[in-house]
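Visitor: Handing you this structure, nothing more for now.
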Amino acid sequence: MLRDCINLRMGTTLAAGERTAVDDIRRQIEQPGPFVTLFFCSPSYDLPQLGARLVDAFPGGVMGCTSAGQIGPTGFQRGGITAVSIGKDAVRVTPYAMGPLRLASTQAAAIGAKVRAQRDASKWPNAFGFLLIDGLSLSEERVASSLFHALGDVPFIGGSAGDDLAFKETFVFADGEFHRDAAVLLLFETSLPVRTLKLQHFAPTGVRMVITGADPDRRIVTEINGEPAAKAYARLIGRSVDELTAEIFAQHPVMLKLGRDYYVRSIQRMNPDGTLTFFCAIEAGIVLHLGRGVDVIEAIEASFSAGGTKPQLVLGCDCILRRLELEQRGIDRCVGELMAEYHVFGFSTYGEQYAGVHVNQTFTGVSLGAEDT
């Protein structure tokens with residue numbers, strides 16, 4: 001039996017053509033009454049054409065971004081488009097576009113003021129923000145921190161747009177167009193129960209390392225423990241430098257302790273000069289901890305079913321490195337089916353945001369509504 005039902009429909013398509021793909025999605029998610037549309041897509045489409053067709057098909061408001069894969073009714077998906085329509089009777093969604101991101105501090109302050117002025121807590125007592133941001137802008141830390149301070153008691157989570165691991169261009173869709181060097185904060189207001197989630201299946205080991213050389217602006221680490229970064233990291237995980245791949249980085253993340261909690265700081269790639277490029281900003285002098293894996297399925301079930309209820313919808317941002325690890329272990333299908341069972345709609349990201357912090361190899365999300373279990 002449903003409590004406070006959300007009118008929502010989820011759909012997915014692998015159609016290659018923009019017209020066919022949008023028509024396919026519209027057949028699956030169109031619903032009576034006004035609704036907003038949220039989508040995630042492969043960057044392989046002609047994005048200007050795709051954007052125009054999405055606006056024509058969904059006049060009630062459409063937001064989204066490019067991805068490194070999607071999560072939807074069939075679990076994990078590569079390529080195509082995944083979308084959800086959400087009826088406006090139970091949820092009000094207001095987009096706030098940001099860009100260029102060098103102006104993030106000023107823009108975040110203005111957004112915070114607008115949110116406080118426009119909030120209708122009597123009708124919509126619960127609120128949260130959902131941030132989508134250019135995943136190659138190197139601006140996530142600044143944007144997340146600025147919004148955290150500007151929004152006050154309104155929590156938000158987010159994800160960095162992807163481009164199927166090409167690492168060339170990522171785009172956010174706002175105001176009817178795809179944009180680079182941009183972000184959009186979606187303010188969700190509702191009377192339904194809301195709960196933010198941060199899920200990672202790693203715990204710190206006793207192995208510590210000190211960053212002794214770094215270029216923070218480019219997220220590059222040159223030295224660890226006084227040694228060339230790649231050589232030191234490979235030695236600590238018991239591998240050779242030649243074995244360092246995205247899959248190996250996904251299996252052996254490093255973690256940063258902030259307060260009492262640990263946050264993953266993932267390595268994106270090894271560079272030809274033996275340095276390491278990270279997905280997050282990294283500075284000389286910080287101490288990192290090598291992570292070890294815990295049971296990912298148990299972690300998902302414990303997080304999603306907290307309180308004894310199943311959510312009607314989970315908006316989720318799941319790091320692409322988590323997915324690569326699951327694929328390497330051969331359990332991606334099982335985990336994808338579990339996410340579909342818990343009504344997860346989201347995408348594989350180049351980074352995640354939670355409580356004003358930019359993280360990696362983490363699932364951040366918002367649980368919306370509840371079903372009796």
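Each chain in the structure tokens gets a letter, A, B and so on, in the order shown; residues start at 1 in every chain, and ligands are counted from 1 in the order they appear.
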Apply DSSP to the structure's backbone, then extract all residues of range 23-81 of chain A labelled helix (DSSP H, G or I) and return them as a VMD selection string.

Guide: chain A and resid 23 to 29 47 to 57

Visitor: For range 5-13 of chain A, work out the shell of residues within 9 Å, counting only C-alpha atoms and skipping chain neighbours fewer than 2 positions away, then give it as an NGL selection string.

Guide: :A and (2-3 or 15-16 or 21-22 or 24-31 or 35 or 72-74 or 77 or 79-91 or 192 or 312-313 or 345 or 368-371)

Visitor: At a cut-off of 12 Å, can you tabulate as CSV every residue of range 62-174 of chain A near range 41-49 of chain A together with its closest atom pair and the distance in Å to one decimal, using only C-alpha atoms and ordering rows by chain then number?

Guide:
residue,atom,partner,partner_atom,distance
A:Met63,CA,A:Cys41,CA,11.1
A:Gly64,CA,A:Cys41,CA,8.0
A:Cys65,CA,A:Cys41,CA,6.6
A:Thr66,CA,A:Cys41,CA,4.9
A:Ser67,CA,A:Ser42,CA,5.7
A:Ala68,CA,A:Ser42,CA,6.9
A:Gly69,CA,A:Ser42,CA,6.9
A:Gln70,CA,A:Cys41,CA,7.3
A:Ile71,CA,A:Cys41,CA,10.6
A:Gly72,CA,A:Cys41,CA,11.7
A:Gln77,CA,A:Ser42,CA,10.0
A:Arg78,CA,A:Ser42,CA,7.8
A:Gly79,CA,A:Ser42,CA,4.9
A:Gly80,CA,A:Ser42,CA,5.5
A:Ile81,CA,A:Cys41,CA,4.3
A:Thr82,CA,A:Cys41,CA,6.5
A:Ala83,CA,A:Cys41,CA,8.6
A:Ala161,CA,A:Cys41,CA,9.8
A:Gly162,CA,A:Pro43,CA,8.1
A:Asp163,CA,A:Pro43,CA,5.6
A:Asp164,CA,A:Ser42,CA,6.9
A:Leu165,CA,A:Pro43,CA,10.3
A:Ala166,CA,A:Pro43,CA,9.7
A:Phe167,CA,A:Pro43,CA,11.1
A:Lys168,CA,A:Pro43,CA,10.4
A:Glu169,CA,A:Pro43,CA,8.5
A:Thr170,CA,A:Pro43,CA,7.7
A:Phe171,CA,A:Pro43,CA,8.2
A:Val172,CA,A:Cys41,CA,10.4
A:Phe173,CA,A:Leu47,CA,9.6

Visitor: Pull C-alpha atoms from the residues just selected and write them as a compact mmCIF listing (two decimals), in the first residue's frame.

Guide:
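Written output follows (part-v4.txt):
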# COMPACT_ATOMS: atom_id res chain seq x y z
CA MET A 63 16.61 19.22 -17.06
CA GLY A 64 19.54 16.79 -17.21
CA CYS A 65 23.11 16.19 -18.29
CA THR A 66 25.43 13.92 -20.26
CA SER A 67 26.69 10.87 -18.41
CA ALA A 68 29.11 7.98 -18.29
CA GLY A 69 26.13 5.62 -18.12
CA GLN A 70 22.67 5.65 -16.59
CA ILE A 71 20.66 3.91 -13.87
CA GLY A 72 16.97 3.28 -14.41
CA GLN A 77 22.73 1.13 -18.86
CA ARG A 78 25.42 2.15 -21.34
CA GLY A 79 24.45 4.63 -24.04
CA GLY A 80 21.03 5.95 -24.94
CA ILE A 81 18.79 8.01 -22.67
CA THR A 82 17.10 7.37 -19.34
CA ALA A 83 14.36 9.73 -18.15
CA ALA A 161 28.30 15.12 -15.73
CA GLY A 162 30.23 12.54 -17.77
CA ASP A 163 31.08 11.75 -21.37
CA ASP A 164 31.40 7.94 -21.50
CA LEU A 165 35.01 8.05 -20.19
CA ALA A 166 36.29 10.13 -23.12
CA PHE A 167 37.21 12.98 -20.73
CA LYS A 168 36.81 15.61 -23.44
CA GLU A 169 33.51 17.49 -22.92
CA THR A 170 30.63 17.17 -20.49
CA PHE A 171 27.36 19.10 -20.64
CA VAL A 172 24.54 20.20 -18.37
CA PHE A 173 21.08 20.84 -19.83

Visitor: Would you mind listing what lies within 8 Å of Gly60 in chain A as an NGL selection string, with only C-alpha atoms counted and same-chain residues fewer than 5 positions away left out?

Guide: :A and (34-37)

Visitor: From the set A:Ser160, A:Phe188, A:Leu136, A:Ala150, which residue has the shortest atom-to-atom contact distance to Pro95 in chain A, counting only C-alpha atoms?

Guide: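 Of all the options, A:Phe188 lies closest to Pro95 in chain A.
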
Visitor: Quick check, in Å to one decimal: how far apart do CA of His149 in chain A and CA of Asn360 in chain A lie?

Guide: 21.0 Å
